[in-house]
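Note sheet for the following structure.
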Amino acid sequence: MEKSDDQNPNNNNLASSSSSPFVIKIPSYEEVIQSKPPAQSLFNPSQSLTQAFNSIKNTEFYAPPPPPSSSYSQLESSISRGNSISTPSSLPSAAGNHTAASSATTQNRNAILVSHRQKGNPLLKHIRNVRWAFSDIVCDYMLGKNSCALYLSLRYHLLHPDYLYYRIRELGKNFKLRVVLCHVDVEDVVKPLLEVTRTALLHECTLLCGWSLEECGRYLETIKVYENKPAGLIQGQMDTDYLSRLSHALTSVRHVNKTDVVTLGSTFGSLSHIMDASMEDLARCPGIGERKVKRLYDTFHEPFKRSIPKHPSTAETSAQHFTPSEVKEDAEVARSSKRDKKESNLTVKSALSAAFAKYKEKVGMENNHQQEHENQIQ
């Protein structure tokens, strides 16, 4: 019996299985969902935003962003270096840096820009009324947008005569006002100053000579201060009333003062009547003596050009033998003498009368044109 049991082990298994109950396990819904493999999607998301929109750069709708400002570029550089910028409070500081840069630009615009070549020049100690700053410029001193200055010492010019020429050639035509500021620091100034003057005139430069460093510094300060000032500041103001203009005209005659002008104006009434007056009429005015009368009368009646006889005397001409060329010269001399006689007849009175007549004709023609234009409009 034991041998048969050992020979048939399957029988034992069948017996054990028949004795135990048979159970079928049914999976739940969650187990079924989790056991399913994930469905393959047609959309493959990229790892970053730059990779997602990289294809848009190749289309026609893409435009590159504007270049960042200096403040934000500084922020980006600080971030790349590893500086800690954790809060947005750094943005106002960047804006403050931008404002500071703009204010520095404004200060440089209001200051004299000095070339690095002038480092160590004692002239800089005497520029006190205007700010100055070093800058990379071609000229020695930039005094404005269209004005500059070159500094030259006569002692240095004697050692390097060609220095000024090459410096002016470096400037080109970039400035309207080009000043050559010459410091006269030698005793014999005739020859070197003549060379500097000739070089400045040939290259259309303005020459300013200073006999001390204080004077040279004052020149630079003055040009900078009056950079944007109009030219009318240095023009003399002319009074518009008739008495002031009459006084300005008559006091140019020697020995005639303002009191005499008032006397002549009250007596004759106008300048034309004073010019027409004779010496006797002028002498009747109180306070006007014989010398003043003669001065006034000669001023109004002398010709503009004095005639000088150019032909020789008759005794000399009779003793000389004339050649054809000399005859032509005598004829030219005779013509010139006739021309001088005609010009001698021109006096101040006749010239002013002709000028007034031309002015009257011009004003009359303008009035006629205005009337014709108004008639056409009506």
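Residues in the structure tokens are numbered from 1 in each chain, the chains being A, B, ... in the order shown, and ligands are numbered from 1 in the order shown.
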Inset, instruction - Would you mind listing what lies within 12 Å of Arg169 of chain A as a ChimeraX atom specification, with only C-alpha atoms counted and same-chain residues fewer than 5 positions away left out? - result: /A:138-139,150,162-164,174,178,199-200,202-205
For those residues, write N, CA, C and O atoms to a file as a PDB file, in the first residue's frame.
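Now in selection06.pdb:
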ATOM      1  N   VAL A 138      38.476 115.217 -28.860  1.00  0.00           N
ATOM      2  CA  VAL A 138      39.585 115.522 -29.761  1.00  0.00           C
ATOM      3  C   VAL A 138      40.235 116.844 -29.377  1.00  0.00           C
ATOM      4  O   VAL A 138      41.462 116.964 -29.346  1.00  0.00           O
ATOM      5  N   CYS A 139      39.405 117.854 -29.095  1.00  0.00           N
ATOM      6  CA  CYS A 139      39.950 119.163 -28.747  1.00  0.00           C
ATOM      7  C   CYS A 139      40.424 119.160 -27.293  1.00  0.00           C
ATOM      8  O   CYS A 139      40.206 118.207 -26.544  1.00  0.00           O
ATOM      9  N   LEU A 150      41.602 125.150 -28.307  1.00  0.00           N
ATOM     10  CA  LEU A 150      42.907 124.493 -28.258  1.00  0.00           C
ATOM     11  C   LEU A 150      43.853 125.371 -27.448  1.00  0.00           C
ATOM     12  O   LEU A 150      43.947 126.576 -27.702  1.00  0.00           O
ATOM     13  N   ASP A 162      55.160 122.770 -35.435  1.00  0.00           N
ATOM     14  CA  ASP A 162      54.088 122.146 -36.215  1.00  0.00           C
ATOM     15  C   ASP A 162      52.957 121.604 -35.355  1.00  0.00           C
ATOM     16  O   ASP A 162      52.011 121.015 -35.882  1.00  0.00           O
ATOM     17  N   TYR A 163      53.033 121.772 -34.051  1.00  0.00           N
ATOM     18  CA  TYR A 163      52.017 121.194 -33.159  1.00  0.00           C
ATOM     19  C   TYR A 163      50.637 121.782 -33.432  1.00  0.00           C
ATOM     20  O   TYR A 163      49.641 121.060 -33.533  1.00  0.00           O
ATOM     21  N   LEU A 164      50.547 123.104 -33.567  1.00  0.00           N
ATOM     22  CA  LEU A 164      49.254 123.758 -33.760  1.00  0.00           C
ATOM     23  C   LEU A 164      48.615 123.340 -35.074  1.00  0.00           C
ATOM     24  O   LEU A 164      47.389 123.130 -35.142  1.00  0.00           O
ATOM     25  N   ASN A 174      34.080 120.072 -37.500  1.00  0.00           N
ATOM     26  CA  ASN A 174      33.030 119.639 -36.576  1.00  0.00           C
ATOM     27  C   ASN A 174      32.523 120.758 -35.678  1.00  0.00           C
ATOM     28  O   ASN A 174      31.502 120.572 -35.009  1.00  0.00           O
ATOM     29  N   ARG A 178      36.057 127.726 -33.366  1.00  0.00           N
ATOM     30  CA  ARG A 178      37.299 127.055 -32.979  1.00  0.00           C
ATOM     31  C   ARG A 178      38.268 128.119 -32.479  1.00  0.00           C
ATOM     32  O   ARG A 178      38.722 128.964 -33.236  1.00  0.00           O
ATOM     33  N   THR A 199      48.750 130.973 -38.758  1.00  0.00           N
ATOM     34  CA  THR A 199      48.159 129.629 -38.789  1.00  0.00           C
ATOM     35  C   THR A 199      46.680 129.668 -38.415  1.00  0.00           C
ATOM     36  O   THR A 199      45.847 128.993 -39.029  1.00  0.00           O
ATOM     37  N   ALA A 200      46.324 130.479 -37.410  1.00  0.00           N
ATOM     38  CA  ALA A 200      44.922 130.571 -37.000  1.00  0.00           C
ATOM     39  C   ALA A 200      44.052 131.201 -38.084  1.00  0.00           C
ATOM     40  O   ALA A 200      42.925 130.741 -38.344  1.00  0.00           O
ATOM     41  N   LEU A 202      44.630 131.286 -41.398  1.00  0.00           N
ATOM     42  CA  LEU A 202      44.531 130.427 -42.575  1.00  0.00           C
ATOM     43  C   LEU A 202      43.566 129.269 -42.365  1.00  0.00           C
ATOM     44  O   LEU A 202      42.969 128.769 -43.333  1.00  0.00           O
ATOM     45  N   HIS A 203      43.373 128.842 -41.123  1.00  0.00           N
ATOM     46  CA  HIS A 203      42.475 127.719 -40.828  1.00  0.00           C
ATOM     47  C   HIS A 203      41.164 128.165 -40.198  1.00  0.00           C
ATOM     48  O   HIS A 203      40.434 127.352 -39.613  1.00  0.00           O
ATOM     49  N   GLU A 204      40.853 129.472 -40.319  1.00  0.00           N
ATOM     50  CA  GLU A 204      39.566 130.024 -39.872  1.00  0.00           C
ATOM     51  C   GLU A 204      39.328 129.758 -38.389  1.00  0.00           C
ATOM     52  O   GLU A 204      38.269 129.271 -37.976  1.00  0.00           O
ATOM     53  N   CYS A 205      40.313 130.063 -37.580  1.00  0.00           N
ATOM     54  CA  CYS A 205      40.204 129.917 -36.132  1.00  0.00           C
ATOM     55  C   CYS A 205      40.281 131.297 -35.480  1.00  0.00           C
ATOM     56  O   CYS A 205      40.868 132.227 -36.035  1.00  0.00           O
TER      57      CYS A 205
END
Inset, instruction - Could you jot down the atom CA of Arg155 of chain A to atom CA of Ser115 of chain A separation for me, Å, one decimal place? - result: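 Atom CA of Arg155 of chain A sits 20.6 Å away from atom CA of Ser115 of chain A.
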Inset, instruction - Find the residues near Pro192 of chain A: any atom within 8 Å, counting only C-alpha atoms, skip ones fewer than 3 places away on the same chain, and give them as a VMD selection string. - result: chain A and resid 154 157 to 158 189 195 to 196
Kindly save the residues from that selection, with N, CA, C and O atoms included, as a PDB file, in the first residue's frame.
ATOM      1  N   LEU A 154      53.279 129.616 -25.987  1.00  0.00           N
ATOM      2  CA  LEU A 154      54.289 130.084 -26.947  1.00  0.00           C
ATOM      3  C   LEU A 154      55.641 129.426 -26.695  1.00  0.00           C
ATOM      4  O   LEU A 154      56.406 129.191 -27.630  1.00  0.00           O
ATOM      5  N   HIS A 157      55.372 126.250 -28.381  1.00  0.00           N
ATOM      6  CA  HIS A 157      55.356 126.463 -29.838  1.00  0.00           C
ATOM      7  C   HIS A 157      56.769 126.642 -30.384  1.00  0.00           C
ATOM      8  O   HIS A 157      57.064 126.197 -31.501  1.00  0.00           O
ATOM      9  N   LEU A 158      57.642 127.282 -29.625  1.00  0.00           N
ATOM     10  CA  LEU A 158      59.020 127.444 -30.083  1.00  0.00           C
ATOM     11  C   LEU A 158      59.741 126.104 -30.154  1.00  0.00           C
ATOM     12  O   LEU A 158      60.626 125.917 -31.000  1.00  0.00           O
ATOM     13  N   VAL A 189      57.948 138.055 -28.276  1.00  0.00           N
ATOM     14  CA  VAL A 189      56.683 137.481 -28.759  1.00  0.00           C
ATOM     15  C   VAL A 189      56.407 137.804 -30.222  1.00  0.00           C
ATOM     16  O   VAL A 189      55.415 137.325 -30.768  1.00  0.00           O
ATOM     17  N   GLU A 195      53.586 133.766 -36.248  1.00  0.00           N
ATOM     18  CA  GLU A 195      53.354 132.437 -36.817  1.00  0.00           C
ATOM     19  C   GLU A 195      52.026 131.848 -36.338  1.00  0.00           C
ATOM     20  O   GLU A 195      51.268 131.262 -37.125  1.00  0.00           O
ATOM     21  N   VAL A 196      51.727 132.011 -35.057  1.00  0.00           N
ATOM     22  CA  VAL A 196      50.461 131.493 -34.523  1.00  0.00           C
ATOM     23  C   VAL A 196      49.279 132.225 -35.148  1.00  0.00           C
ATOM     24  O   VAL A 196      48.263 131.607 -35.509  1.00  0.00           O
TER      25      VAL A 196
END
Please give the complete set of residues from segment 129-231 of chain A that DSSP, run on the backbone, assigns to alpha helix (DSSP H), formatted as an mmCIF file with N, CA, C and O atoms, in the first residue's frame.
data_model
loop_
_atom_site.group_PDB
_atom_site.id
_atom_site.type_symbol
_atom_site.label_atom_id
_atom_site.label_comp_id
_atom_site.auth_asym_id
_atom_site.auth_seq_id
_atom_site.Cartn_x
_atom_site.Cartn_y
_atom_site.Cartn_z
ATOM 1 N N LEU A 154 53.279 129.616 -25.987
ATOM 2 C CA LEU A 154 54.289 130.084 -26.947
ATOM 3 C C LEU A 154 55.641 129.426 -26.695
ATOM 4 O O LEU A 154 56.406 129.191 -27.630
ATOM 5 N N ARG A 155 55.924 129.124 -25.461
ATOM 6 C CA ARG A 155 57.175 128.433 -25.162
ATOM 7 C C ARG A 155 57.179 127.029 -25.772
ATOM 8 O O ARG A 155 58.179 126.571 -26.325
ATOM 9 N N TYR A 156 56.024 126.363 -25.715
ATOM 10 C CA TYR A 156 55.923 125.032 -26.340
ATOM 11 C C TYR A 156 55.933 125.159 -27.866
ATOM 12 O O TYR A 156 56.446 124.288 -28.570
ATOM 13 N N HIS A 157 55.372 126.250 -28.381
ATOM 14 C CA HIS A 157 55.356 126.463 -29.838
ATOM 15 C C HIS A 157 56.769 126.642 -30.384
ATOM 16 O O HIS A 157 57.064 126.197 -31.501
ATOM 17 N N LEU A 158 57.642 127.282 -29.625
ATOM 18 C CA LEU A 158 59.020 127.444 -30.083
ATOM 19 C C LEU A 158 59.741 126.104 -30.154
ATOM 20 O O LEU A 158 60.626 125.917 -31.000
ATOM 21 N N LEU A 159 59.363 125.157 -29.298
ATOM 22 C CA LEU A 159 59.985 123.827 -29.335
ATOM 23 C C LEU A 159 59.356 122.932 -30.395
ATOM 24 O O LEU A 159 60.035 122.098 -31.000
ATOM 25 N N TYR A 163 53.033 121.772 -34.051
ATOM 26 C CA TYR A 163 52.017 121.194 -33.159
ATOM 27 C C TYR A 163 50.637 121.782 -33.432
ATOM 28 O O TYR A 163 49.641 121.060 -33.533
ATOM 29 N N LEU A 164 50.547 123.104 -33.567
ATOM 30 C CA LEU A 164 49.254 123.758 -33.760
ATOM 31 C C LEU A 164 48.615 123.340 -35.074
ATOM 32 O O LEU A 164 47.389 123.130 -35.142
ATOM 33 N N TYR A 165 49.402 123.203 -36.116
ATOM 34 C CA TYR A 165 48.851 122.824 -37.421
ATOM 35 C C TYR A 165 48.197 121.445 -37.366
ATOM 36 O O TYR A 165 47.077 121.246 -37.854
ATOM 37 N N TYR A 166 48.877 120.486 -36.750
ATOM 38 C CA TYR A 166 48.319 119.128 -36.694
ATOM 39 C C TYR A 166 47.101 119.051 -35.775
ATOM 40 O O TYR A 166 46.162 118.294 -36.042
ATOM 41 N N ARG A 167 47.092 119.860 -34.719
ATOM 42 C CA ARG A 167 45.934 119.833 -33.832
ATOM 43 C C ARG A 167 44.699 120.426 -34.510
ATOM 44 O O ARG A 167 43.585 119.928 -34.358
ATOM 45 N N ILE A 168 44.889 121.503 -35.271
ATOM 46 C CA ILE A 168 43.760 122.095 -35.992
ATOM 47 C C ILE A 168 43.256 121.140 -37.069
ATOM 48 O O ILE A 168 42.045 121.023 -37.321
ATOM 49 N N ARG A 169 44.160 120.425 -37.704
ATOM 50 C CA ARG A 169 43.744 119.471 -38.728
ATOM 51 C C ARG A 169 42.957 118.306 -38.125
ATOM 52 O O ARG A 169 42.052 117.761 -38.768
ATOM 53 N N GLU A 170 43.243 117.937 -36.874
ATOM 54 C CA GLU A 170 42.478 116.887 -36.212
ATOM 55 C C GLU A 170 41.035 117.315 -35.943
ATOM 56 O O GLU A 170 40.119 116.485 -35.957
ATOM 57 N N LEU A 171 40.814 118.606 -35.714
ATOM 58 C CA LEU A 171 39.456 119.076 -35.422
ATOM 59 C C LEU A 171 38.528 118.926 -36.613
ATOM 60 O O LEU A 171 37.363 118.565 -36.461
ATOM 61 N N VAL A 190 57.246 138.599 -30.864
ATOM 62 C CA VAL A 190 56.905 139.093 -32.206
ATOM 63 C C VAL A 190 56.863 137.946 -33.215
ATOM 64 O O VAL A 190 55.841 137.709 -33.884
ATOM 65 N N LYS A 191 57.939 137.208 -33.320
ATOM 66 C CA LYS A 191 58.008 136.161 -34.336
ATOM 67 C C LYS A 191 57.091 134.980 -34.032
ATOM 68 O O LYS A 191 56.313 134.566 -34.903
ATOM 69 N N PRO A 192 57.090 134.396 -32.822
ATOM 70 C CA PRO A 192 56.189 133.260 -32.588
ATOM 71 C C PRO A 192 54.716 133.642 -32.648
ATOM 72 O O PRO A 192 53.885 132.876 -33.156
ATOM 73 N N LEU A 193 54.364 134.830 -32.171
ATOM 74 C CA LEU A 193 52.959 135.249 -32.223
ATOM 75 C C LEU A 193 52.516 135.504 -33.657
ATOM 76 O O LEU A 193 51.350 135.267 -34.009
ATOM 77 N N LEU A 194 53.423 135.969 -34.504
ATOM 78 C CA LEU A 194 53.101 136.137 -35.916
ATOM 79 C C LEU A 194 52.812 134.785 -36.570
ATOM 80 O O LEU A 194 51.868 134.652 -37.359
ATOM 81 N N GLU A 195 53.586 133.766 -36.248
ATOM 82 C CA GLU A 195 53.354 132.437 -36.817
ATOM 83 C C GLU A 195 52.026 131.848 -36.338
ATOM 84 O O GLU A 195 51.268 131.262 -37.125
ATOM 85 N N VAL A 196 51.727 132.011 -35.057
ATOM 86 C CA VAL A 196 50.461 131.493 -34.523
ATOM 87 C C VAL A 196 49.279 132.225 -35.148
ATOM 88 O O VAL A 196 48.263 131.607 -35.509
ATOM 89 N N THR A 197 49.397 133.537 -35.305
ATOM 90 C CA THR A 197 48.308 134.318 -35.918
ATOM 91 C C THR A 197 48.074 133.895 -37.354
ATOM 92 O O THR A 197 46.922 133.747 -37.796
ATOM 93 N N ARG A 198 49.123 133.701 -38.111
ATOM 94 C CA ARG A 198 48.983 133.290 -39.508
ATOM 95 C C ARG A 198 48.333 131.912 -39.606
ATOM 96 O O ARG A 198 47.442 131.695 -40.442
ATOM 97 N N THR A 199 48.750 130.973 -38.758
ATOM 98 C CA THR A 199 48.159 129.629 -38.789
ATOM 99 C C THR A 199 46.680 129.668 -38.415
ATOM 100 O O THR A 199 45.847 128.993 -39.029
ATOM 101 N N ALA A 200 46.324 130.479 -37.410
ATOM 102 C CA ALA A 200 44.922 130.571 -37.000
ATOM 103 C C ALA A 200 44.052 131.201 -38.084
ATOM 104 O O ALA A 200 42.925 130.741 -38.344
ATOM 105 N N LEU A 201 44.557 132.236 -38.744
ATOM 106 C CA LEU A 201 43.766 132.893 -39.789
ATOM 107 C C LEU A 201 43.592 131.997 -41.007
ATOM 108 O O LEU A 201 42.518 131.959 -41.614
ATOM 109 N N LEU A 202 44.630 131.286 -41.398
ATOM 110 C CA LEU A 202 44.531 130.427 -42.575
ATOM 111 C C LEU A 202 43.566 129.269 -42.365
ATOM 112 O O LEU A 202 42.969 128.769 -43.333
ATOM 113 N N LEU A 213 47.757 132.756 -16.695
ATOM 114 C CA LEU A 213 46.837 131.618 -16.635
ATOM 115 C C LEU A 213 45.461 132.034 -16.131
ATOM 116 O O LEU A 213 44.446 131.450 -16.540
ATOM 117 N N GLU A 214 45.406 133.045 -15.256
ATOM 118 C CA GLU A 214 44.105 133.542 -14.800
ATOM 119 C C GLU A 214 43.303 134.121 -15.950
ATOM 120 O O GLU A 214 42.085 133.899 -16.064
ATOM 121 N N GLU A 215 43.979 134.858 -16.833
ATOM 122 C CA GLU A 215 43.284 135.443 -17.973
ATOM 123 C C GLU A 215 42.800 134.365 -18.937
ATOM 124 O O GLU A 215 41.678 134.442 -19.459
ATOM 125 N N CYS A 216 43.587 133.339 -19.167
ATOM 126 C CA CYS A 216 43.169 132.237 -20.042
ATOM 127 C C CYS A 216 41.971 131.500 -19.449
ATOM 128 O O CYS A 216 41.023 131.140 -20.172
ATOM 129 N N GLY A 217 41.993 131.266 -18.137
ATOM 130 C CA GLY A 217 40.848 130.625 -17.493
ATOM 131 C C GLY A 217 39.601 131.467 -17.569
ATOM 132 O O GLY A 217 38.486 130.950 -17.755
ATOM 133 N N ARG A 218 39.737 132.781 -17.460
ATOM 134 C CA ARG A 218 38.576 133.663 -17.572
ATOM 135 C C ARG A 218 37.989 133.635 -18.981
ATOM 136 O O ARG A 218 36.759 133.725 -19.150
ATOM 137 N N TYR A 219 38.820 133.520 -19.992
ATOM 138 C CA TYR A 219 38.314 133.399 -21.365
ATOM 139 C C TYR A 219 37.441 132.150 -21.510
ATOM 140 O O TYR A 219 36.343 132.205 -22.075
ATOM 141 N N LEU A 220 37.924 131.019 -20.988
ATOM 142 C CA LEU A 220 37.157 129.780 -21.095
ATOM 143 C C LEU A 220 35.840 129.877 -20.341
ATOM 144 O O LEU A 220 34.788 129.420 -20.825
ATOM 145 N N GLU A 221 35.861 130.465 -19.168
ATOM 146 C CA GLU A 221 34.626 130.614 -18.383
ATOM 147 C C GLU A 221 33.624 131.509 -19.095
ATOM 148 O O GLU A 221 32.423 131.200 -19.138
ATOM 149 N N THR A 222 34.086 132.592 -19.673
ATOM 150 C CA THR A 222 33.182 133.530 -20.339
ATOM 151 C C THR A 222 32.529 132.897 -21.560
ATOM 152 O O THR A 222 31.322 133.055 -21.788
ATOM 153 N N ILE A 223 33.295 132.181 -22.358
ATOM 154 C CA ILE A 223 32.722 131.542 -23.547
ATOM 155 C C ILE A 223 31.692 130.498 -23.148
ATOM 156 O O ILE A 223 30.641 130.363 -23.791
ATOM 157 N N LYS A 224 31.950 129.758 -22.076
ATOM 158 C CA LYS A 224 30.993 128.750 -21.624
ATOM 159 C C LYS A 224 29.737 129.386 -21.066
ATOM 160 O O LYS A 224 28.617 128.913 -21.314
ATOM 161 N N VAL A 225 29.861 130.457 -20.293
ATOM 162 C CA VAL A 225 28.698 131.113 -19.696
ATOM 163 C C VAL A 225 27.803 131.712 -20.771
ATOM 164 O O VAL A 225 26.570 131.632 -20.693
#
